[in-house]
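Below is one structure; the comments refer to it alone.
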There are 2 protein chains.
Amino acid sequence: MTEVHNLRDVAIIGIGETQIGELWDKSLRELGIEAGLKALKYAGLHGDEVEKLYVGNMSAGKLINQEHVAPLIADYAGISEVPSTRIESGSASGGMALAEGYKAVASGMEDIVVVGGAEKMTDVGEQEAKDILSSTADQEWETVFGATFDSLYAMMARYHMDNHGTTKDQLAQVAVKNHANAAKNPNAQYPRETSKKFVKNAPMVADPLGMFDCAPISDGGAAVVLCPAERADSFDGDPVEIVSLGQGGDHMAVHERRDIGTMKATERAAKKAYKRASVKPQDIDFAEVHDNYTITEIMAIEDLGFFEKGEGGRATEEGKTELNSDISINTSGGLKAKGRPVGAVGLNQAVEAVLQLRGEAGERQVDQPGYGLIHNIGGTGASAIVHILRRWS
Amino acid sequence: MTEVHNLRDVAIIGIGETQIGELWDKSLRELGIEAGLKALKYAGLHGDEVEKLYVGNMSAGKLINQEHVAPLIADYAGISEVPSTRIESGSASGGMALAEGYKAVASGMEDIVVVGGAEKMTDVGEQEAKDILSSTADQEWETVFGATFDSLYAMMARYHMDNHGTTKDQLAQVAVKNHANAAKNPNAQYPRETSKKFVKNAPMVADPLGMFDCAPISDGGAAVVLCPAERADSFDGDPVEIVSLGQGGDHMAVHERRDIGTMKATERAAKKAYKRASVKPQDIDFAEVHDNYTITEIMAIEDLGFFEKGEGGRATEEGKTELNSDISINTSGGLKAKGRPVGAVGLNQAVEAVLQLRGEAGERQVDQPGYGLIHNIGGTGASAIVHILRRWS
């Protein structure tokens, strides 16, 4: 890996997100604008101070017949002259957009950068939305033969159960925990607690994953405002620093991977992020991890180094990932219960991390967190991005 | 604009592109891989030295039902572990990907970065491909009411003719010139000369634009390899420096713009690029400009400052934009005659600029060029990106 030099420290000075849900009265552009304007307001900034906009979005082309969404959102936010770029990496589009925004500021090319993400998924039927999610797997070698997003993850779950003794009870506990956290999050799509029995009795989607093992189809937007950390004190509130990022890749098709109980892309991304930040997994106090399925959270907390491989399910069952336990995982409710507006997810995670680090997370506040980590994956895990954050001081 | 500081100089050390055309035997991933491997070979590099891949692509989701194309191409190129990110900005996707690659290297975050672009357009019918191009205009306020890509550009052409006296003869001359250049380019989709009479007699598409005023639907891929200029001498051949870049935005819908005979996004992008490079339009010896329609080239050579507003048509008619005249415009043949594999276009332009600056452009070589400029726009001009290049010494 390249020796990083001359990079400026980067701070998040503004955050904003919409309610997540089936928002039939809001279009993609409205979701993007609402999140962006909230983030600017939070920072005490006006639109004419924005130098660059990045937009994370998975599939507006297929979902609403609109490509070229970055200038669209810039325009309708009243900043048409501002350069804007869309970033797409399946479900990791938001996190990847954050990474590009970080580079723009760290390099010195821009000072005030807005990174937003939005997805409008409910203008098509649920089956069509799922088919579009499946188009982030390998079309030519997987989906064309009938494999779906659900079934590919179900294979990983089965593999993990067979090889590591993970149980359906443990999978269910991920959902129970995340719903408990979401119940404390006013922006969550499903702010309701649930029970292990309810999760296990839900209709089967793809064995062993039932309906409550799967994240929902959602509409929503989220955004952050970045600036050089040296300028951060001149804006409202306490800034949060992006200490480091790491990005990883893996084979596109699940059958090309040797061990489908491990996400290599996550491991690779985390390794870089930890090294650049000079921290260890044990230094992380809370993490928003990608939990599009319950099994994905279990793999993530292993692959990020919080627990040994194969121990994620047991750790979850023992309550080690609950709010203010060993490590607080998905305090926001995660994709599972906060919701999954795909292109926004990585920014939803960043919003939660900032709230936690500022002590503004209300009932779901982690006790005096030092480092937070956010983790976003694309497709069935062919791309992954990890950011490590802490309070700037 | 931010004061740029601490940026490393960035060089292009490798280039590669596929034949452009209706390539029924090649898939998107094959096009991306072919271009990327050619670029690596040109630089004398192996895949395991690549630290990051950017992929420009407009609409693989709609064209081939495949999102998440960056890790797909990385994987099938044999570098699945390499972090990869897709950039989309309509027809400017390739140029925008180059801009992000530049930042990755200039910032010091990465050393060896491959930027590729590819589009596979002929797996759908011509009308569907055109509808997908139209989805880069404003779906909610333009295309849903029947406006198409062709008709929106036709309005600009009519406006330019009415306000600046531009003639159909002048539009036709753009096509004649670019076909003459393409006839000297072995990778061009239409390497054939044409005549003004033939262009003017072509079937009408959207008055005043006939079939020969429009760029074709194409398949193709192109790629470049970037590294810090200080390391460039250790690779094969003479490196070319990316001296600067500038990005601009504008209203998404054409009816929101006050003067549709000018592309504000181009003006804004060019202004930044010239300022950062400390050069003037008069210093540029050749340029690859976005000519998806003949009128677009005329607007571009005005908005980039090569000719006064309203003089682009006359300058073209007087031969001032021919090879080795006042300024050599679209020596490659441009989108018009070299072809338009949308996501690759910005990289096709970079490939041509490097060939010219290295003196490797064969029969279409510009005489001892100093500075070259490449210009790529998205949609109907809501996004634009300009890079200025010269030989590294």
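Residue numbers start at 1 in each chain; chains themselves are named A, B, ... in the order of the structure tokens; ligands are numbered from 1 in the order shown.
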Find the residues of chain B in contact range of chain A, meaning any atom within 8 Å when counting only C-alpha atoms, and list them as a VMD selection string. chain B and resid 1 to 7 51 58 to 59 61 to 62 65 to 72 75 80 to 90 96 100 103 to 104 106 to 111 135 to 139 247 to 252 265 268 378 to 379 382 to 383
Written file, previous selection with C-alpha atoms, as an mmCIF file, in the first residue's frame:
```cif
data_model
loop_
_atom_site.group_PDB
_atom_site.id
_atom_site.type_symbol
_atom_site.label_atom_id
_atom_site.label_comp_id
_atom_site.auth_asym_id
_atom_site.auth_seq_id
_atom_site.Cartn_x
_atom_site.Cartn_y
_atom_site.Cartn_z
ATOM 1 C CA MET B 1 -12.204 28.024 -5.484
ATOM 2 C CA THR B 2 -9.937 26.396 -2.972
ATOM 3 C CA GLU B 3 -6.254 27.067 -3.053
ATOM 4 C CA VAL B 4 -4.761 23.777 -4.121
ATOM 5 C CA HIS B 5 -1.793 22.742 -2.038
ATOM 6 C CA ASN B 6 0.336 19.694 -1.524
ATOM 7 C CA LEU B 7 -0.902 17.977 -4.670
ATOM 8 C CA GLU B 51 -3.733 -0.081 -6.196
ATOM 9 C CA MET B 58 -23.284 5.392 -17.809
ATOM 10 C CA SER B 59 -25.952 2.745 -17.618
ATOM 11 C CA GLY B 61 -27.934 -1.352 -15.160
ATOM 12 C CA LYS B 62 -30.347 -0.556 -17.947
ATOM 13 C CA ASN B 65 -28.992 -5.488 -16.272
ATOM 14 C CA GLN B 66 -25.730 -5.226 -14.320
ATOM 15 C CA GLU B 67 -24.987 -2.653 -11.603
ATOM 16 C CA HIS B 68 -21.797 -2.773 -9.507
ATOM 17 C CA VAL B 69 -19.642 -3.001 -12.621
ATOM 18 C CA ALA B 70 -16.362 -1.785 -11.136
ATOM 19 C CA PRO B 71 -15.657 -4.881 -8.997
ATOM 20 C CA LEU B 72 -17.020 -6.997 -11.852
ATOM 21 C CA ASP B 75 -12.534 -9.440 -10.842
ATOM 22 C CA SER B 80 -10.458 -8.942 -7.583
ATOM 23 C CA GLU B 81 -8.720 -7.774 -4.421
ATOM 24 C CA VAL B 82 -8.093 -4.291 -5.829
ATOM 25 C CA PRO B 83 -10.489 -1.579 -4.604
ATOM 26 C CA SER B 84 -12.655 -0.360 -7.457
ATOM 27 C CA THR B 85 -15.285 2.348 -7.800
ATOM 28 C CA ARG B 86 -17.738 3.169 -10.573
ATOM 29 C CA ILE B 87 -18.265 6.788 -11.527
ATOM 30 C CA GLU B 88 -21.389 7.891 -13.394
ATOM 31 C CA SER B 89 -22.135 11.268 -14.873
ATOM 32 C CA GLY B 90 -24.058 10.383 -18.036
ATOM 33 C CA MET B 96 -15.293 12.157 -14.302
ATOM 34 C CA GLU B 100 -11.316 10.903 -9.423
ATOM 35 C CA LYS B 103 -7.312 12.961 -7.066
ATOM 36 C CA ALA B 104 -6.381 9.531 -5.761
ATOM 37 C CA ALA B 106 -2.417 13.661 -6.528
ATOM 38 C CA SER B 107 -3.484 13.299 -2.895
ATOM 39 C CA GLY B 108 -0.833 10.691 -2.216
ATOM 40 C CA MET B 109 -3.375 8.025 -1.294
ATOM 41 C CA GLU B 110 -2.478 5.749 -4.181
ATOM 42 C CA ASP B 111 0.420 5.415 -6.603
ATOM 43 C CA SER B 135 -32.562 9.222 -19.105
ATOM 44 C CA THR B 136 -29.531 11.452 -18.489
ATOM 45 C CA ALA B 137 -31.769 14.467 -19.140
ATOM 46 C CA ASP B 138 -34.396 15.437 -16.540
ATOM 47 C CA GLN B 139 -36.855 12.540 -16.406
ATOM 48 C CA GLN B 247 -15.398 20.419 -13.349
ATOM 49 C CA GLY B 248 -18.581 22.403 -13.864
ATOM 50 C CA GLY B 249 -22.318 22.003 -13.390
ATOM 51 C CA ASP B 250 -25.485 23.532 -14.791
ATOM 52 C CA HIS B 251 -29.244 23.175 -14.613
ATOM 53 C CA MET B 252 -30.399 19.675 -15.459
ATOM 54 C CA ALA B 265 -20.970 23.766 -17.279
ATOM 55 C CA ARG B 268 -17.151 26.778 -15.585
ATOM 56 C CA GLY B 378 -22.893 14.631 -19.299
ATOM 57 C CA GLY B 379 -26.536 14.568 -20.367
ATOM 58 C CA ALA B 382 -25.596 19.558 -16.741
ATOM 59 C CA SER B 383 -22.101 18.280 -16.008
#
```
Could you pull the residues within 8 Å of Leu37 (chain B), counting only C-alpha atoms, minus those fewer than 3 positions along the same chain, as a PDB file with N, CA and C atoms, in the first residue's frame?
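After the write, selection-v6.pdb holds the following:
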```
ATOM      1  N   GLY B  16      -4.851   2.382 -23.297  1.00  0.00           N
ATOM      2  CA  GLY B  16      -5.354   1.243 -24.061  1.00  0.00           C
ATOM      3  C   GLY B  16      -6.791   1.486 -24.462  1.00  0.00           C
ATOM      4  N   ILE B  33     -11.899  -5.179 -19.677  1.00  0.00           N
ATOM      5  CA  ILE B  33     -10.654  -5.915 -19.430  1.00  0.00           C
ATOM      6  C   ILE B  33      -9.656  -5.689 -20.565  1.00  0.00           C
ATOM      7  N   GLU B  34     -10.137  -5.755 -21.806  1.00  0.00           N
ATOM      8  CA  GLU B  34      -9.231  -5.573 -22.949  1.00  0.00           C
ATOM      9  C   GLU B  34      -8.544  -4.210 -22.883  1.00  0.00           C
ATOM     10  N   LEU B  40      -2.124  -1.469 -19.158  1.00  0.00           N
ATOM     11  CA  LEU B  40      -1.074  -1.973 -18.268  1.00  0.00           C
ATOM     12  C   LEU B  40       0.141  -2.435 -19.065  1.00  0.00           C
ATOM     13  N   LYS B  41      -0.133  -3.127 -20.175  1.00  0.00           N
ATOM     14  CA  LYS B  41       0.959  -3.613 -21.015  1.00  0.00           C
ATOM     15  C   LYS B  41       1.765  -2.436 -21.571  1.00  0.00           C
ATOM     16  N   ALA B  77     -10.673  -9.161 -14.634  1.00  0.00           N
ATOM     17  CA  ALA B  77      -9.325  -8.800 -15.087  1.00  0.00           C
ATOM     18  C   ALA B  77      -8.261  -9.477 -14.227  1.00  0.00           C
TER      19      ALA B  77
END
```
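Separating CA of Asp25 (chain B) from CA of Val114 (chain B) is a distance of 24.6 Å.
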Do a neighbour search on region 235-245 of chain B at 10 Å with only C-alpha atoms, toss out local chain neighbours closer than 5 positions, and write the hits as number ranges by chain. B: 9-14, 41-45, 95-96, 98-99, 102-103, 226-229, 269-279, 350, 353-355, 357-359, 371-375, 385-393
Would you write out those residues with C-alpha atoms, as an mmCIF file, in the first residue's frame?
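Result file is part-v9.cif:
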```
data_model
loop_
_atom_site.group_PDB
_atom_site.id
_atom_site.type_symbol
_atom_site.label_atom_id
_atom_site.label_comp_id
_atom_site.auth_asym_id
_atom_site.auth_seq_id
_atom_site.Cartn_x
_atom_site.Cartn_y
_atom_site.Cartn_z
ATOM 1 C CA ASP B 9 1.961 15.955 -10.143
ATOM 2 C CA VAL B 10 0.157 13.135 -11.935
ATOM 3 C CA ALA B 11 1.298 11.364 -15.094
ATOM 4 C CA ILE B 12 -0.375 9.019 -17.546
ATOM 5 C CA ILE B 13 1.999 6.142 -18.167
ATOM 6 C CA GLY B 14 -0.251 3.726 -20.001
ATOM 7 C CA LYS B 41 0.959 -3.613 -21.015
ATOM 8 C CA TYR B 42 1.697 -0.224 -22.547
ATOM 9 C CA ALA B 43 3.076 0.925 -19.178
ATOM 10 C CA GLY B 44 4.962 -2.315 -18.665
ATOM 11 C CA LEU B 45 3.008 -3.084 -15.496
ATOM 12 C CA GLY B 95 -13.934 12.030 -17.843
ATOM 13 C CA MET B 96 -15.293 12.157 -14.302
ATOM 14 C CA LEU B 98 -10.344 10.274 -14.772
ATOM 15 C CA ALA B 99 -10.834 13.218 -12.409
ATOM 16 C CA TYR B 102 -6.267 12.078 -10.634
ATOM 17 C CA LYS B 103 -7.312 12.961 -7.066
ATOM 18 C CA LEU B 226 -1.856 6.961 -13.695
ATOM 19 C CA CYS B 227 1.075 7.364 -11.327
ATOM 20 C CA PRO B 228 2.890 10.181 -9.530
ATOM 21 C CA ALA B 229 4.906 12.081 -12.134
ATOM 22 C CA ALA B 269 -15.036 23.660 -15.990
ATOM 23 C CA ALA B 270 -12.696 25.329 -18.474
ATOM 24 C CA LYS B 271 -12.216 28.405 -16.335
ATOM 25 C CA LYS B 272 -11.025 26.279 -13.407
ATOM 26 C CA ALA B 273 -8.793 24.091 -15.563
ATOM 27 C CA TYR B 274 -7.114 27.060 -17.251
ATOM 28 C CA LYS B 275 -6.582 28.829 -13.939
ATOM 29 C CA ARG B 276 -5.092 25.803 -12.206
ATOM 30 C CA ALA B 277 -2.782 25.169 -15.174
ATOM 31 C CA SER B 278 -1.939 28.865 -15.632
ATOM 32 C CA VAL B 279 -2.615 28.622 -19.346
ATOM 33 C CA ALA B 350 -7.377 10.838 -22.925
ATOM 34 C CA ALA B 353 -4.321 13.180 -26.146
ATOM 35 C CA VAL B 354 -1.535 10.916 -24.958
ATOM 36 C CA LEU B 355 -0.913 9.577 -28.478
ATOM 37 C CA LEU B 357 1.582 14.368 -27.025
ATOM 38 C CA ARG B 358 3.892 11.401 -27.472
ATOM 39 C CA GLY B 359 3.957 11.810 -31.229
ATOM 40 C CA TYR B 371 -0.784 21.504 -24.522
ATOM 41 C CA GLY B 372 -3.780 19.303 -25.258
ATOM 42 C CA LEU B 373 -7.254 19.639 -23.737
ATOM 43 C CA ILE B 374 -10.010 17.060 -23.359
ATOM 44 C CA HIS B 375 -13.636 17.960 -22.729
ATOM 45 C CA ILE B 385 -15.167 18.022 -17.072
ATOM 46 C CA VAL B 386 -12.019 19.447 -18.667
ATOM 47 C CA HIS B 387 -8.469 18.140 -18.343
ATOM 48 C CA ILE B 388 -5.353 19.854 -19.664
ATOM 49 C CA LEU B 389 -2.365 17.680 -20.556
ATOM 50 C CA ARG B 390 1.184 18.104 -21.750
ATOM 51 C CA ARG B 391 4.278 16.029 -22.147
ATOM 52 C CA TRP B 392 6.071 15.448 -18.854
ATOM 53 C CA SER B 393 9.678 16.561 -18.860
#
```
Select from region 96-342 of chain B everything DSSP, run on the backbone, classes as strand (DSSP E or B), then give the selection as a PyMOL selection string. chain B and resi 113-120+204-206+209-210+214+219-228+240-249+284-288+293+328-329
Which of region 59-211 of chain A counts as helix (DSSP H, G or I) under DSSP, as a ChimeraX atom specification please? /A:60-64,69-76,93-106,126-134,143-145,149-164,168-182,196-200,211
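With only C-alpha atoms as the atoms that count, the residue of B:Glu17, B:Asp123, B:Glu308, B:Glu267 with the shortest distance to Ile217 (chain B) is B:Asp123.
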Show which residues sit within 6 Å of Asp219 (chain B), as a ChimeraX atom specification. Count only C-alpha atoms, and ignore same-chain residues fewer than 5 positions away. /B:20-23,119-121,341
Okay, now the selection with C-alpha atoms, as a CSV table (one decimal), in the first residue's frame?
```
chain,number,residue,atom,x,y,z
B,20,ILE,CA,-15.1,0.9,-31.2
B,21,GLY,CA,-18.2,-0.3,-33.0
B,22,GLU,CA,-21.1,-2.8,-32.9
B,23,LEU,CA,-19.2,-5.5,-31.1
B,119,GLU,CA,-20.2,0.8,-22.4
B,120,LYS,CA,-22.0,-2.0,-24.1
B,121,MET,CA,-24.9,-0.3,-25.9
B,341,PRO,CA,-19.2,4.0,-26.2
```
Residues at most 12 Å from Ala361 (chain A), counting only C-alpha atoms, excluding those fewer than 4 positions away in the same chain, as number ranges by chain? A: 181-182, 184-187, 323, 331-332, 351-357, 365-369
Keeping only N, CA and C atoms, write those residues as a short mmCIF file (atom, residue, chain, number, x, y, z; two decimals), in the first residue's frame.
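The resulting file, selection33.cif, is shown below:
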```
data_model
loop_
_atom_site.label_atom_id
_atom_site.label_comp_id
_atom_site.auth_asym_id
_atom_site.auth_seq_id
_atom_site.Cartn_x
_atom_site.Cartn_y
_atom_site.Cartn_z
N ASN A 181 -32.60 -1.39 19.11
CA ASN A 181 -31.92 -0.11 18.91
C ASN A 181 -32.77 0.85 18.07
N ALA A 182 -33.38 0.31 17.01
CA ALA A 182 -34.20 1.14 16.12
C ALA A 182 -35.38 1.75 16.88
N LYS A 184 -35.33 3.17 19.44
CA LYS A 184 -34.85 4.42 20.04
C LYS A 184 -34.41 5.42 18.98
N ASN A 185 -34.71 5.13 17.72
CA ASN A 185 -34.26 6.00 16.62
C ASN A 185 -35.47 6.56 15.86
N PRO A 186 -35.75 7.85 16.01
CA PRO A 186 -36.95 8.42 15.39
C PRO A 186 -36.95 8.37 13.86
N ASN A 187 -35.78 8.21 13.22
CA ASN A 187 -35.75 8.15 11.76
C ASN A 187 -35.90 6.73 11.21
N LEU A 323 -26.17 -2.49 22.88
CA LEU A 323 -25.83 -1.13 23.26
C LEU A 323 -25.11 -1.13 24.61
N THR A 331 -26.12 0.61 16.57
CA THR A 331 -26.95 1.36 17.54
C THR A 331 -28.11 2.06 16.85
N SER A 332 -27.96 2.34 15.57
CA SER A 332 -29.02 3.05 14.82
C SER A 332 -30.22 2.14 14.53
N VAL A 351 -23.93 9.37 9.67
CA VAL A 351 -24.77 10.24 10.52
C VAL A 351 -24.85 9.66 11.93
N GLU A 352 -25.08 8.37 12.04
CA GLU A 352 -25.16 7.73 13.35
C GLU A 352 -23.83 7.85 14.10
N ALA A 353 -22.72 7.65 13.37
CA ALA A 353 -21.41 7.73 14.03
C ALA A 353 -21.17 9.14 14.58
N VAL A 354 -21.56 10.15 13.82
CA VAL A 354 -21.37 11.52 14.28
C VAL A 354 -22.23 11.80 15.50
N LEU A 355 -23.48 11.37 15.44
CA LEU A 355 -24.38 11.57 16.60
C LEU A 355 -23.77 10.92 17.85
N GLN A 356 -23.28 9.71 17.69
CA GLN A 356 -22.69 9.01 18.83
C GLN A 356 -21.46 9.75 19.36
N LEU A 357 -20.59 10.16 18.45
CA LEU A 357 -19.34 10.79 18.89
C LEU A 357 -19.58 12.16 19.49
N GLN A 365 -27.53 6.36 23.14
CA GLN A 365 -26.17 6.88 23.26
C GLN A 365 -25.20 5.85 23.83
N VAL A 366 -24.07 5.69 23.14
CA VAL A 366 -22.97 4.87 23.66
C VAL A 366 -22.23 5.72 24.70
N ASP A 367 -21.82 5.08 25.76
CA ASP A 367 -21.18 5.79 26.86
C ASP A 367 -19.77 6.25 26.48
N GLN A 368 -19.61 7.56 26.32
CA GLN A 368 -18.31 8.18 26.04
C GLN A 368 -17.45 7.42 25.02
N PRO A 369 -17.93 7.35 23.80
CA PRO A 369 -17.17 6.60 22.80
C PRO A 369 -15.90 7.32 22.36
#
```
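Of note, CA of Pro281 (chain B) and CA of Leu304 (chain B) are spaced 7.0 Å apart.
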So that I can check the surroundings of Lys177 (chain B), please list as a ChimeraX atom specification every protein, DNA and RNA residue that reaches within 12 Å of it, counting only C-alpha atoms and ignoring chain neighbours fewer than 5 positions away. /B:170-172,182-184,191-196,199,213,291,294,297,316-323,325,328-334,336-338,364
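Taking only C-alpha atoms into account, Gly312 (chain A) lies nearest to A:Thr166 out of the set A:Asn178, A:Thr380, A:Gln189, A:Thr166.
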